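File shown here: coords-v1.txt, holding compact mmCIF, C-alpha atoms.
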```txt
# COMPACT_ATOMS: atom_id res chain seq x y z
CA MET N 19 21.05 24.34 30.41
CA PRO N 20 22.90 27.63 30.62
CA ASP N 21 21.07 30.32 32.56
CA ALA N 22 20.09 33.63 31.01
CA PRO N 23 23.43 35.44 31.54
CA GLY N 24 25.29 32.31 30.44
CA LEU N 25 23.24 32.18 27.27
CA GLU N 26 23.95 35.84 26.57
CA LEU N 27 27.65 35.21 27.14
CA ILE N 28 27.56 32.35 24.65
CA ALA N 29 25.77 34.54 22.11
CA GLN N 30 28.30 37.29 22.71
CA GLY N 31 31.19 34.90 22.30
CA ILE N 32 29.84 33.57 19.05
CA ASN N 33 29.10 37.02 17.69
CA ASP N 34 32.62 38.15 18.50
CA GLU N 35 34.03 35.42 16.30
CA HIS N 36 31.25 35.21 13.71
CA PRO N 37 29.67 38.64 13.45
CA GLY N 38 25.92 38.56 13.09
CA ALA N 39 25.66 34.82 13.54
CA VAL N 40 23.35 34.79 16.53
CA THR N 41 20.33 36.94 15.83
CA GLU N 42 18.31 36.12 18.92
CA THR N 43 18.33 34.09 22.09
CA SER N 44 15.41 32.47 23.79
CA LEU N 45 15.01 30.83 27.16
CA GLU N 46 11.61 29.25 27.22
CA HIS N 47 10.04 26.11 28.64
CA GLY N 48 13.28 25.18 30.27
CA SER N 49 15.36 25.17 27.15
CA ALA N 50 17.99 27.60 26.00
CA ALA N 51 18.05 28.33 22.32
CA LEU N 52 20.15 30.36 19.96
CA ILE N 53 18.42 31.57 16.83
CA VAL N 54 21.13 31.86 14.25
CA ASP N 55 21.69 33.06 10.74
CA PRO N 56 21.36 29.95 8.54
CA GLU N 57 24.39 30.95 6.48
CA GLN N 58 26.62 30.83 9.55
CA VAL N 59 25.20 27.78 11.28
CA LEU N 60 28.39 25.79 10.76
CA GLY N 61 30.42 28.48 12.46
CA VAL N 62 28.08 28.49 15.43
CA LEU N 63 28.09 24.73 15.79
CA GLY N 64 31.84 24.60 15.42
CA TRP N 65 32.28 27.30 18.03
CA LEU N 66 30.02 25.48 20.49
CA ARG N 67 31.84 22.23 19.91
CA ASP N 68 35.42 23.42 19.93
CA THR N 69 35.54 26.29 22.39
CA GLU N 70 37.26 25.05 25.49
CA SER N 71 34.79 26.64 27.90
CA GLN N 72 31.74 25.21 26.11
CA ARG N 73 32.49 21.72 24.75
CA TYR N 74 29.01 20.95 23.41
CA THR N 75 30.50 17.92 21.76
CA PHE N 76 27.45 15.70 21.38
CA MET N 77 24.62 16.26 18.98
CA SER N 78 21.59 14.45 20.32
CA SER N 79 19.18 15.48 17.64
CA LEU N 80 18.85 17.32 14.39
CA HIS N 81 15.35 17.88 13.18
CA ALA N 82 13.39 20.13 10.93
CA ALA N 83 10.12 21.92 11.52
CA ASP N 84 7.55 23.67 9.39
CA TYR N 85 5.83 26.76 10.82
CA LEU N 86 3.73 27.32 7.74
CA PRO N 87 1.79 30.53 8.34
CA ALA N 88 4.90 32.13 9.79
CA THR N 89 7.84 33.54 7.91
CA PRO N 90 10.52 32.35 7.72
CA ARG N 91 8.69 29.13 7.22
CA PHE N 92 11.16 26.34 7.95
CA ALA N 93 13.55 25.72 10.80
CA VAL N 94 16.29 23.23 11.47
CA HIS N 95 16.88 22.54 15.14
CA TYR N 96 20.17 21.25 16.48
CA GLU N 97 20.12 19.89 20.01
CA LEU N 98 23.60 19.88 21.52
CA ILE N 99 24.73 18.39 24.80
CA CYS N 100 27.81 19.08 26.87
CA ARG N 101 28.53 15.71 28.41
CA ASP N 102 30.85 17.12 31.08
CA ARG N 103 28.46 19.60 32.61
CA VAL N 104 25.29 17.79 31.48
CA GLU N 105 23.99 20.86 29.75
CA ARG N 106 21.84 21.23 26.73
CA ILE N 107 21.55 23.99 24.23
CA SER N 108 19.55 24.14 21.07
CA VAL N 109 20.44 26.01 17.94
CA LYS N 110 17.69 27.03 15.56
CA ALA N 111 18.32 28.04 12.00
CA LEU N 112 15.26 29.62 10.45
CA LEU N 113 14.96 29.13 6.73
CA PRO N 114 12.70 31.07 4.40
CA ASP N 115 10.68 29.21 1.82
CA PRO N 116 12.38 29.83 -1.55
CA SER N 117 9.21 28.99 -3.46
CA PRO N 118 6.17 30.22 -1.58
CA ASN N 119 2.78 29.06 -2.84
CA ASN N 120 4.53 26.19 -4.61
CA GLY N 121 5.78 28.55 -7.27
CA SER N 122 8.66 26.22 -8.09
CA ASP N 123 10.21 23.11 -6.65
CA GLN N 124 13.21 24.97 -5.30
CA LEU N 125 14.20 23.66 -1.88
CA PRO N 126 15.42 25.60 1.14
CA GLU N 127 19.13 25.09 1.54
CA LEU N 128 21.43 24.84 4.50
CA ASP N 129 25.02 23.80 5.07
CA SER N 130 25.47 20.22 6.16
CA CYS N 131 27.09 19.66 9.53
CA VAL N 132 28.15 16.07 8.88
CA GLU N 133 31.79 17.16 9.01
CA LEU N 134 31.31 18.42 12.56
CA PHE N 135 28.89 15.77 13.84
CA PRO N 136 28.89 12.52 11.88
CA THR N 137 25.62 11.50 13.51
CA ALA N 138 23.91 14.20 11.52
CA GLU N 139 24.20 12.21 8.35
CA PHE N 140 21.05 10.14 8.77
CA GLN N 141 19.19 12.89 10.58
CA GLU N 142 19.83 15.32 7.74
CA ARG N 143 18.62 12.68 5.36
CA GLU N 144 15.44 12.40 7.40
CA ALA N 145 14.95 16.17 7.39
CA TYR N 146 15.44 16.10 3.64
CA ASP N 147 13.04 13.20 3.29
CA MET N 148 10.23 14.66 5.34
CA PHE N 149 10.60 18.41 4.82
CA GLY N 150 12.59 18.77 1.63
CA ILE N 151 15.42 20.74 3.18
CA SER N 152 18.51 20.43 1.05
CA PHE N 153 21.78 20.16 2.94
CA ARG N 154 24.75 21.49 1.00
CA GLY N 155 27.78 19.25 1.22
CA HIS N 156 25.98 16.20 2.57
CA PRO N 157 27.83 13.09 1.36
CA ASP N 158 24.73 11.11 0.41
CA LEU N 159 21.57 13.16 0.42
CA ARG N 160 18.68 10.92 -0.55
CA ARG N 161 15.48 9.70 1.03
CA ILE N 162 15.88 7.54 4.11
CA LEU N 163 12.37 6.48 5.18
CA MET N 164 10.07 7.00 2.25
CA PRO N 165 10.53 5.01 -0.96
CA GLU N 166 13.15 6.38 -3.29
CA ASP N 167 10.62 7.21 -5.97
CA TYR N 168 8.27 9.02 -3.62
CA VAL N 169 7.20 12.47 -4.74
CA GLY N 170 6.59 15.20 -2.21
CA TRP N 171 7.67 16.18 1.30
CA PRO N 172 5.14 14.47 3.54
CA GLN N 173 5.72 16.21 6.85
CA ARG N 174 5.26 19.69 5.44
CA ARG N 175 2.17 21.37 6.67
CA ASP N 176 0.72 21.93 3.22
CA PHE N 177 1.09 18.27 2.29
CA PRO N 178 -2.32 16.67 1.82
CA ILE N 179 -3.08 14.23 4.59
CA GLY N 180 -4.32 11.66 2.15
CA GLY N 181 -6.18 8.52 2.96
CA GLU N 182 -9.91 8.18 2.99
CA PRO N 183 -12.03 11.02 4.33
CA VAL N 184 -13.32 10.01 7.74
CA LEU N 185 -16.57 11.31 9.09
CA PHE N 186 -16.44 12.60 12.62
CA THR N 187 -19.13 14.42 14.48
CA HIS N 188 -17.27 17.68 14.12
CA ASN N 189 -17.26 17.64 10.34
CA GLU N 190 -20.65 16.11 9.80
CA ILE N 191 -22.10 19.53 9.12
CA GLU N 192 -19.65 20.08 6.27
CA THR N 193 -20.76 16.91 4.53
CA PRO N 194 -24.52 17.00 4.73
CA ARG N 195 -26.48 13.89 3.79
CA TRP N 196 -23.28 11.91 3.68
CA PHE N 197 -25.18 8.68 4.09
CA GLU N 198 -26.75 8.86 0.61
CA MET E 8 -37.78 -46.31 -1.23
CA GLU E 9 -37.25 -44.78 2.16
CA ILE E 10 -40.50 -46.16 3.53
CA GLU E 11 -39.83 -49.55 2.05
CA ARG E 12 -36.46 -49.85 3.73
CA ARG E 13 -37.90 -48.87 7.06
CA LYS E 14 -40.65 -51.42 6.64
CA LEU E 15 -38.06 -54.10 6.15
CA GLY E 16 -37.12 -53.20 9.63
CA GLN E 17 -33.67 -54.49 10.15
CA VAL E 18 -31.50 -51.91 8.42
CA PRO E 19 -31.42 -48.19 9.26
CA ALA E 20 -31.59 -45.59 6.54
CA PRO E 21 -28.32 -44.38 5.03
CA GLY E 22 -26.52 -41.93 7.24
CA GLU E 23 -28.45 -43.06 10.24
CA GLN E 24 -26.88 -44.84 13.14
CA PRO E 25 -28.47 -48.13 14.24
CA LYS E 26 -30.62 -47.41 17.26
CA THR E 27 -31.52 -50.78 18.65
CA PRO E 28 -29.31 -53.82 19.17
CA GLU E 29 -31.37 -55.66 16.56
CA GLU E 30 -30.65 -53.01 13.97
CA LEU E 31 -26.95 -53.13 14.77
CA ARG E 32 -26.93 -56.88 14.51
CA ALA E 33 -28.69 -56.76 11.19
CA LYS E 34 -26.13 -54.31 9.88
CA GLN E 35 -23.30 -56.48 11.05
CA LEU E 36 -24.77 -59.54 9.42
CA ARG E 37 -25.26 -57.64 6.19
CA ALA E 38 -21.62 -56.57 6.26
CA ARG E 39 -20.51 -60.13 6.86
CA ASP E 40 -22.58 -61.35 3.97
CA PHE E 41 -21.10 -58.67 1.75
CA LEU E 42 -17.57 -59.64 2.67
CA ARG E 43 -18.31 -63.28 2.00
CA GLY E 44 -19.74 -62.39 -1.37
CA ASP E 45 -23.19 -63.67 -0.49
CA LEU E 46 -24.95 -60.48 -1.42
CA SER E 47 -26.23 -60.04 -4.95
CA GLY E 48 -28.81 -58.20 -6.93
CA THR E 49 -30.96 -55.72 -5.05
CA GLU E 50 -29.44 -56.60 -1.71
CA LEU E 51 -25.96 -55.79 -2.96
CA GLU E 52 -27.16 -52.53 -4.46
CA ARG E 53 -28.83 -51.57 -1.25
CA TYR E 54 -25.75 -52.38 0.76
CA VAL E 55 -23.54 -50.26 -1.51
CA GLU E 56 -26.02 -47.42 -1.37
CA GLN E 57 -25.87 -47.44 2.40
CA SER E 58 -22.14 -47.80 2.80
CA VAL E 59 -20.51 -45.85 0.02
CA PHE E 60 -20.38 -42.08 -0.18
CA THR E 61 -20.12 -40.66 -3.67
CA THR E 62 -19.08 -37.18 -4.69
CA THR E 63 -17.29 -35.45 -7.51
CA LEU E 64 -13.55 -35.24 -7.65
CA GLU E 65 -13.73 -31.47 -7.60
CA LYS E 66 -15.79 -31.39 -4.45
CA GLY E 67 -13.47 -33.83 -2.78
CA LEU E 68 -10.46 -31.83 -3.79
CA ASN E 69 -12.00 -28.62 -2.51
CA TRP E 70 -12.88 -30.31 0.72
CA ALA E 71 -9.30 -31.49 1.11
CA ARG E 72 -7.92 -28.08 0.24
CA ALA E 73 -10.18 -26.26 2.64
CA ASN E 74 -9.14 -28.53 5.46
CA SER E 75 -5.43 -28.40 4.81
CA ILE E 76 -4.51 -24.77 4.34
CA PHE E 77 -0.90 -23.80 4.96
CA PRO E 78 -0.72 -20.18 6.06
CA ALA E 79 2.49 -18.26 5.54
CA THR E 80 4.48 -17.30 8.59
CA PHE E 81 4.19 -13.62 7.93
CA GLY E 82 3.42 -10.85 10.37
CA LEU E 83 3.18 -7.19 9.52
CA ALA E 84 2.33 -5.38 12.75
CA CYS E 85 0.52 -5.73 16.04
CA CYS E 86 -2.20 -7.90 14.49
CA ALA E 87 0.48 -10.53 14.12
CA ILE E 88 0.38 -11.05 17.88
CA GLU E 89 -3.28 -11.98 17.62
CA MET E 90 -2.44 -14.15 14.65
CA MET E 91 0.13 -15.96 16.78
CA SER E 92 -2.38 -16.55 19.53
CA MET E 93 -4.66 -18.05 16.91
CA ILE E 94 -2.25 -20.96 16.76
CA THR E 95 -1.95 -21.43 20.50
CA SER E 96 -3.96 -24.01 22.37
CA ARG E 97 -6.66 -21.58 23.39
CA ALA E 98 -7.89 -20.66 19.92
CA ASP E 99 -6.23 -23.63 18.22
CA LEU E 100 -6.15 -23.15 14.51
CA ALA E 101 -5.20 -26.82 14.27
CA ARG E 102 -8.86 -27.71 14.64
CA PHE E 103 -9.30 -26.54 11.05
CA GLY E 104 -6.20 -28.17 9.71
CA ALA E 105 -4.14 -25.01 9.27
CA GLU E 106 -1.59 -25.36 12.02
CA ALA E 107 1.32 -25.90 9.66
CA LEU E 108 2.61 -22.39 9.08
CA ARG E 109 5.12 -22.36 6.29
CA ALA E 110 8.14 -20.13 6.39
CA SER E 111 8.29 -19.86 2.63
CA PRO E 112 5.67 -18.36 0.34
CA ARG E 113 6.38 -21.13 -2.13
CA GLN E 114 4.83 -23.62 0.27
CA ALA E 115 2.01 -21.45 1.57
CA ASP E 116 -1.61 -21.29 0.45
CA LEU E 117 -2.81 -18.47 2.59
CA LEU E 118 -1.35 -15.05 3.28
CA ILE E 119 -2.74 -13.34 6.37
CA LEU E 120 -2.03 -9.63 6.14
CA SER E 121 -1.76 -8.96 9.84
CA GLY E 122 -1.32 -5.24 10.10
CA ARG E 123 -0.82 -2.05 8.18
CA VAL E 124 1.00 -2.17 4.89
CA SER E 125 3.24 0.82 4.40
CA ILE E 126 3.86 1.96 0.88
CA LYS E 127 7.43 0.79 1.21
CA MET E 128 6.28 -2.66 2.29
CA ALA E 129 3.60 -2.99 -0.39
CA PRO E 130 5.95 -4.13 -3.17
CA VAL E 131 7.44 -6.69 -0.80
CA VAL E 132 4.02 -8.05 0.13
CA ARG E 133 3.06 -8.12 -3.49
CA ARG E 134 6.20 -10.04 -4.37
CA LEU E 135 5.51 -12.55 -1.59
CA TYR E 136 2.00 -12.98 -2.92
CA ASP E 137 3.26 -13.45 -6.44
CA GLN E 138 5.67 -16.08 -5.25
CA MET E 139 2.90 -18.17 -3.75
CA LEU E 140 1.61 -20.97 -5.92
CA GLU E 141 -1.96 -21.23 -7.07
CA PRO E 142 -4.42 -21.82 -5.61
CA LYS E 143 -3.78 -19.11 -3.03
CA TRP E 144 -5.88 -17.00 -0.77
CA VAL E 145 -5.47 -13.83 1.21
CA ILE E 146 -7.09 -12.70 4.44
CA ALA E 147 -6.84 -9.00 5.25
CA MET E 148 -6.77 -9.06 9.03
CA GLY E 149 -7.86 -5.96 10.85
CA ALA E 150 -8.82 -2.46 9.88
CA CYS E 151 -5.40 -1.39 8.65
CA SER E 152 -4.89 -3.94 5.92
CA SER E 153 -8.56 -3.72 4.95
CA SER E 154 -8.90 0.03 4.68
CA GLY E 155 -5.89 1.78 6.14
CA GLY E 156 -7.58 1.95 9.53
CA MET E 157 -6.33 4.66 11.80
CA PHE E 158 -3.31 5.31 9.60
CA ALA E 159 -4.92 7.74 7.18
CA ASN E 160 -1.59 9.25 6.25
CA TYR E 161 1.11 9.44 3.64
CA ALA E 162 2.98 6.32 4.65
CA VAL E 163 0.34 3.59 4.68
CA VAL E 164 -1.54 2.00 1.81
CA GLN E 165 -5.25 2.56 2.32
CA GLY E 166 -6.32 -1.05 2.06
CA ALA E 167 -4.26 -3.94 0.80
CA ASP E 168 -6.67 -4.64 -2.03
CA LYS E 169 -5.28 -1.59 -3.78
CA PHE E 170 -2.37 -3.69 -4.89
CA MET E 171 -3.37 -7.32 -4.47
CA PRO E 172 -6.54 -9.41 -4.45
CA VAL E 173 -8.01 -10.06 -1.03
CA ASP E 174 -10.55 -12.79 -0.33
CA ILE E 175 -11.66 -12.16 3.23
CA HIS E 176 -11.65 -8.95 5.24
CA VAL E 177 -11.74 -9.36 9.00
CA PRO E 178 -12.74 -6.22 10.89
CA GLY E 179 -11.24 -5.28 14.24
CA CYS E 180 -8.35 -3.35 15.65
CA PRO E 181 -6.90 -5.84 16.21
CA PRO E 182 -9.48 -8.57 15.65
CA ARG E 183 -9.66 -11.18 18.35
CA PRO E 184 -8.34 -14.62 17.41
CA GLU E 185 -11.91 -15.85 17.34
CA ALA E 186 -12.76 -13.23 14.73
CA VAL E 187 -9.87 -14.30 12.55
CA LEU E 188 -10.94 -17.91 13.00
CA HIS E 189 -14.40 -16.91 11.86
CA GLY E 190 -12.88 -15.28 8.80
CA PHE E 191 -10.84 -18.38 8.26
CA ASN E 192 -13.96 -20.52 8.43
CA LYS E 193 -15.61 -18.27 5.91
CA LEU E 194 -12.63 -18.75 3.66
CA GLN E 195 -12.96 -22.50 4.08
CA ARG E 196 -16.62 -22.27 3.20
CA MET E 197 -15.70 -20.26 0.16
CA ILE E 198 -13.13 -22.80 -0.94
CA ARG E 199 -15.55 -25.67 -0.43
CA GLY E 200 -18.50 -23.97 -2.04
CA GLN E 201 -16.86 -22.37 -5.01
CA PRO E 202 -14.81 -24.08 -7.63
CA ASP E 203 -11.25 -23.48 -6.60
CA LEU E 204 -10.32 -21.16 -9.38
CA GLY E 205 -7.47 -18.77 -8.91
CA TRP E 206 -8.00 -15.13 -8.16
CA ARG E 207 -7.82 -14.23 -11.84
CA GLN E 208 -11.05 -16.12 -12.31
CA ARG E 209 -12.60 -14.73 -9.17
CA TYR E 210 -11.73 -11.18 -10.17
CA ASN E 211 -12.30 -11.76 -13.87
CA ALA E 212 -8.74 -10.72 -14.53
CA ILE E 213 -7.55 -13.03 -17.28
CA GLY E 214 -4.89 -11.36 -19.35
CA THR E 215 -3.43 -9.24 -16.58
CA GLU E 216 -0.34 -11.38 -16.27
CA GLU E 217 2.88 -9.53 -16.78
CA TRP E 218 3.78 -11.52 -19.84
CA ALA E 219 0.29 -11.06 -21.31
CA ARG E 220 0.45 -7.31 -20.98
CA LEU E 221 3.44 -6.97 -23.27
CA GLU E 222 2.37 -4.97 -26.29
CA PRO E 223 2.71 -6.61 -29.71
CA GLY E 224 5.10 -3.91 -30.88
CA GLY E 225 6.70 -3.44 -27.48
CA PRO E 226 9.65 -5.13 -25.87
CA THR E 227 9.85 -8.87 -26.15
CA PRO E 228 9.98 -11.01 -23.00
CA GLU E 229 13.65 -11.60 -23.75
CA ALA E 230 14.33 -7.88 -23.77
CA VAL E 231 12.49 -7.47 -20.47
CA GLU E 232 14.49 -10.31 -19.04
CA ALA E 233 17.74 -8.80 -20.27
CA ALA E 234 16.83 -5.44 -18.75
CA ALA E 235 16.02 -7.12 -15.45
CA ARG E 236 19.32 -8.96 -15.61
CA ALA E 237 21.12 -5.69 -16.22
CA VAL E 238 19.87 -4.02 -13.03
CA GLU E 239 20.07 -7.00 -10.73
CA PRO E 240 23.28 -8.17 -9.14
CA THR E 241 25.01 -10.82 -11.18
CA TRP E 242 25.36 -13.25 -8.30
CA VAL E 243 21.61 -13.87 -8.28
CA ALA E 244 21.05 -17.08 -10.14
CA ARG E 245 18.19 -16.30 -12.45
CA PRO E 246 16.24 -18.98 -14.26
CA SER E 247 16.32 -18.87 -18.02
CA ALA E 248 13.78 -16.71 -19.74
CA PRO E 249 10.30 -18.23 -19.72
CA GLU E 250 8.64 -19.38 -22.89
CA PRO E 251 6.71 -16.49 -24.42
CA ARG E 252 3.12 -17.51 -24.04
CA THR E 253 -0.06 -16.23 -25.53
CA PRO E 254 -3.31 -15.59 -23.69
CA GLY E 255 -4.75 -18.56 -25.53
CA SER E 256 -2.69 -21.01 -23.50
CA GLU E 257 -4.06 -19.53 -20.31
CA ALA E 258 -6.72 -22.20 -19.90
CA GLU E 259 -4.13 -24.90 -19.46
CA ASP E 260 -2.30 -22.92 -16.80
CA VAL E 261 -5.50 -22.45 -14.89
CA ARG E 262 -6.22 -26.14 -14.96
CA ASP E 263 -2.78 -26.87 -13.68
CA GLY E 264 -3.31 -24.50 -10.80
CA GLY E 265 -6.84 -25.58 -10.14
CA THR E 266 -8.56 -28.90 -10.36
CA SER E 267 -7.83 -31.29 -13.14
```

Please express the file's structure as structure tokens.
Amino acid sequence: MPDAPGLELIAQGINDEHPGAVTETSLEHGSAALIVDPEQVLGVLGWLRDTESQRYTFMSSLHAADYLPATPRFAVHYELICRDRVERISVKALLPDPSPNNGSDQLPELDSCVELFPTAEFQEREAYDMFGISFRGHPDLRRILMPEDYVGWPQRRDFPIGGEPVLFTHNEIETPRWFE
Amino acid sequence: MEIERRKLGQVPAPGEQPKTPEELRAKQLRARDFLRGDLSGTELERYVEQSVFTTTLEKGLNWARANSIFPATFGLACCAIEMMSMITSRADLARFGAEALRASPRQADLLILSGRVSIKMAPVVRRLYDQMLEPKWVIAMGACSSSGGMFANYAVVQGADKFMPVDIHVPGCPPRPEAVLHGFNKLQRMIRGQPDLGWRQRYNAIGTEEWARLEPGGPTPEAVEAAARAVEPTWVARPSAPEPRTPGSEAEDVRDGGTS
């Protein structure tokens, strides 16, 4: 993990080449993160991969997250590793919800990084499957885990949990006389 | 009748083992006389009554079926481990004549749903069940396949009987092999006690067959077959289209599957 000055240097280097790409840096819980403009995420990833002094050539994970009450609502996290120095850095692209309150079925969009990291192909499909994040330029963007005809984005926070209602002691008050 | 036979002294009542050496000797002598053809009249009748067990063909068939169930070799999740230990020498499913697990649904009588059924697996399970020949039975083993269990989420079917008929539900997470054996014994009791009709009779679901649901003005079975042929790969050897049947001929199919 780069230390705080190292992280600032990385952010500075990226912003020199891609102005306005890195909007924020964070160094929390032992992980360094760059919060980037989602429109320039490919530039950031390419810079981290190809710059000779960085060489974050391995993508260990790509995953999405839903921070529902917050805005912007969605995030796509890229976890990169430099195999030479054994260093990690994460890149977060925060995506606003294009259809708040389920106004339409428009999906948040982001550029696909399959060209840079081929391993992202399945992981982007998973993010699409679970969170409904559409990756522009993905070669084969369809569901990977859920059935092809499934409707909905099950890992979103506003997705109904489903199943049978289960009575616990903490919700017994909300369902009075449940035994009748 | 009973008192009279006991008064005669020598021969024990039917179903009773000879207690004294004299009784045993009398039974032996009676058997010898029968084999020689010396018995006649009332004596012959009495001998037959004591030695021959009569039942109906249906009962006998059910008895044979219940004691020779072939479960499918089919595990879904962690319950399958308990299902495997059901066959081992400790629990020993072979005591009940079900040790022959078949690797093909075509040869199996019993499908044990050992674990959660995800919504992606459900069509597969359903197809396996449809491929089994009548008469067939299903045990939902454990909480997950009975009700969804702890997996109250988007990925798991909340109870296998949402998409297929289930005969026995065994609770537990996972149930011990003894519990599954108990469920199995209940299934045997069910098979022995009830006429061995297929699940369509049990669930009163005559007319729900795929071919019976075709509307009169809708696509013909040939058209359905052609559509299925169009989407499936050509290298799959498909049987020729089945004869279009009417619900009236159902009774014969049931008899073929059940007792006859």

Point-to-point distance in Å for CA of Tyr161 in chain E and CA of Leu117 in chain E: 28.2 Å

At most 10 Å to chain N: residues in chain E, all atoms listed in the file, as a list of chain:residue names: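 Within 10 Å of chain N on chain E, we get E:Ser125, E:Ile126, E:Lys127, E:Met128, E:Ser154, E:Gly155, E:Gly156, E:Met157, E:Phe158, E:Ala159, E:Asn160, E:Tyr161, E:Ala162, E:Val163, E:Val164, E:Gln165, E:Gly166.
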
Pick out the residues sitting within 8 Å of Phe135 in chain N, and hand them over as a compact mmCIF listing (two decimals) with C-alpha atoms, keeping the file's coordinate frame; count all atoms listed in the file, and ignore anything fewer than 3 positions along from it in its own chain.
```
# COMPACT_ATOMS: atom_id res chain seq x y z
CA PHE N 76 27.45 15.70 21.38
CA MET N 77 24.62 16.26 18.98
CA CYS N 131 27.09 19.66 9.53
CA VAL N 132 28.15 16.07 8.88
CA ALA N 138 23.91 14.20 11.52
```

Residue nearest Thr43 in chain N - candidates N:Thr69, N:Ser152, N:Ser79, N:Gln30, atoms counted: all atoms listed in the file: N:Gln30

Nearest to Arg175 in chain N by atom-to-atom distance, counting all atoms listed in the file, from N:Asp55, N:Asp84, N:Asp34, N:Asp129: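 Checking each of N:Asp55, N:Asp84, N:Asp34, N:Asp129 against Arg175 in chain N, counting all atoms listed in the file, the winner is N:Asp84.
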
Non-local contacts of Leu188 in chain E (10 Å; all atoms listed in the file; under 5 positions in same chain excluded) as a list in words: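 Result of the neighbour search: Met90, Met93, Ile94, Ala98, Asp99, Leu100, Phe103, Val177, Pro182, Arg183, Lys193 and Leu194 of chain E.
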
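Pairwise distance (CA of Val173 in chain E, CA of Arg133 in chain E) equals 11.5 Å.
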
One-decimal distance in Å that lies between CA of Leu120 in chain E and CA of Ile162 in chain N: 24.9 Å

Surrounding residues of range 100-114 of chain N excluding itself and chain neighbours under 4 positions, 6 Å, only C-alpha atoms, as an MDAnalysis selection string: chainID N and resid 19 50:54 56 73:75 90:96

How about saving the chosen residues, C-alpha atoms kept, as a JSON list (two decimals), in the coordinates of the input?
```
[["chain", "number", "residue", "atom", "x", "y", "z"],
["N", 19, "MET", "CA", 21.05, 24.34, 30.41],
["N", 50, "ALA", "CA", 17.99, 27.60, 26.00],
["N", 51, "ALA", "CA", 18.05, 28.33, 22.32],
["N", 52, "LEU", "CA", 20.15, 30.36, 19.96],
["N", 53, "ILE", "CA", 18.42, 31.57, 16.83],
["N", 54, "VAL", "CA", 21.13, 31.86, 14.25],
["N", 56, "PRO", "CA", 21.36, 29.95, 8.54],
["N", 73, "ARG", "CA", 32.49, 21.72, 24.75],
["N", 74, "TYR", "CA", 29.01, 20.95, 23.41],
["N", 75, "THR", "CA", 30.50, 17.92, 21.76],
["N", 90, "PRO", "CA", 10.52, 32.35, 7.72],
["N", 91, "ARG", "CA", 8.69, 29.13, 7.22],
["N", 92, "PHE", "CA", 11.16, 26.34, 7.95],
["N", 93, "ALA", "CA", 13.55, 25.72, 10.80],
["N", 94, "VAL", "CA", 16.29, 23.23, 11.47],
["N", 95, "HIS", "CA", 16.88, 22.54, 15.14],
["N", 96, "TYR", "CA", 20.17, 21.25, 16.48]]
```

So for range 39-48 of chain E, what box centre and size do we get, axis-aligned, 5 Å extra on each of the six sides, every listed atom, Å to one decimal, as AutoDock Vina command-line options?
```
--center_x -23.2 --center_y -60.9 --center_z 0.0 --size_x 21.2 --size_y 15.5 --size_z 23.8
```

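Take the candidates E:Gly44, E:Gly122, E:Pro25, E:Gly67 and check each one against Gly200 in chain E using all atoms listed in the file; the shortest distance goes to E:Gly67.
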
Give me, as a PDB file with C-alpha atoms, in the coordinates of the input, all polymer residues having an atom no more than 12 Å from Gln138 in chain E, counting only C-alpha atoms and skipping those fewer than 5 positions away in the same chain.
```pdb
ATOM      1  CA  ALA E  79       2.490 -18.260   5.540  1.00  0.00           C
ATOM      2  CA  SER E 111       8.290 -19.860   2.630  1.00  0.00           C
ATOM      3  CA  PRO E 112       5.670 -18.360   0.340  1.00  0.00           C
ATOM      4  CA  ARG E 113       6.380 -21.130  -2.130  1.00  0.00           C
ATOM      5  CA  GLN E 114       4.830 -23.620   0.270  1.00  0.00           C
ATOM      6  CA  ALA E 115       2.010 -21.450   1.570  1.00  0.00           C
ATOM      7  CA  ASP E 116      -1.610 -21.290   0.450  1.00  0.00           C
ATOM      8  CA  LEU E 117      -2.810 -18.470   2.590  1.00  0.00           C
ATOM      9  CA  LEU E 118      -1.350 -15.050   3.280  1.00  0.00           C
ATOM     10  CA  VAL E 131       7.440  -6.690  -0.800  1.00  0.00           C
ATOM     11  CA  VAL E 132       4.020  -8.050   0.130  1.00  0.00           C
ATOM     12  CA  ARG E 133       3.060  -8.120  -3.490  1.00  0.00           C
ATOM     13  CA  LYS E 143      -3.780 -19.110  -3.030  1.00  0.00           C
TER      14      LYS E 143
END
```

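Using all atoms listed in the file, the protein and nucleic acid residues lying no more than 6 Å from range 70-74 of chain E, apart from those fewer than 6 places from it along its own chain, are Phe103, Gly104, Gln195, Ile198 and Arg199 of chain E.
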
Selected residue, from N:Ile28, N:Val169, N:Ala39, N:Ala82, that lies nearest to Ile151 in chain N when counting all atoms listed in the file: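 Under the stated criterion, the closest residue is N:Ala82.
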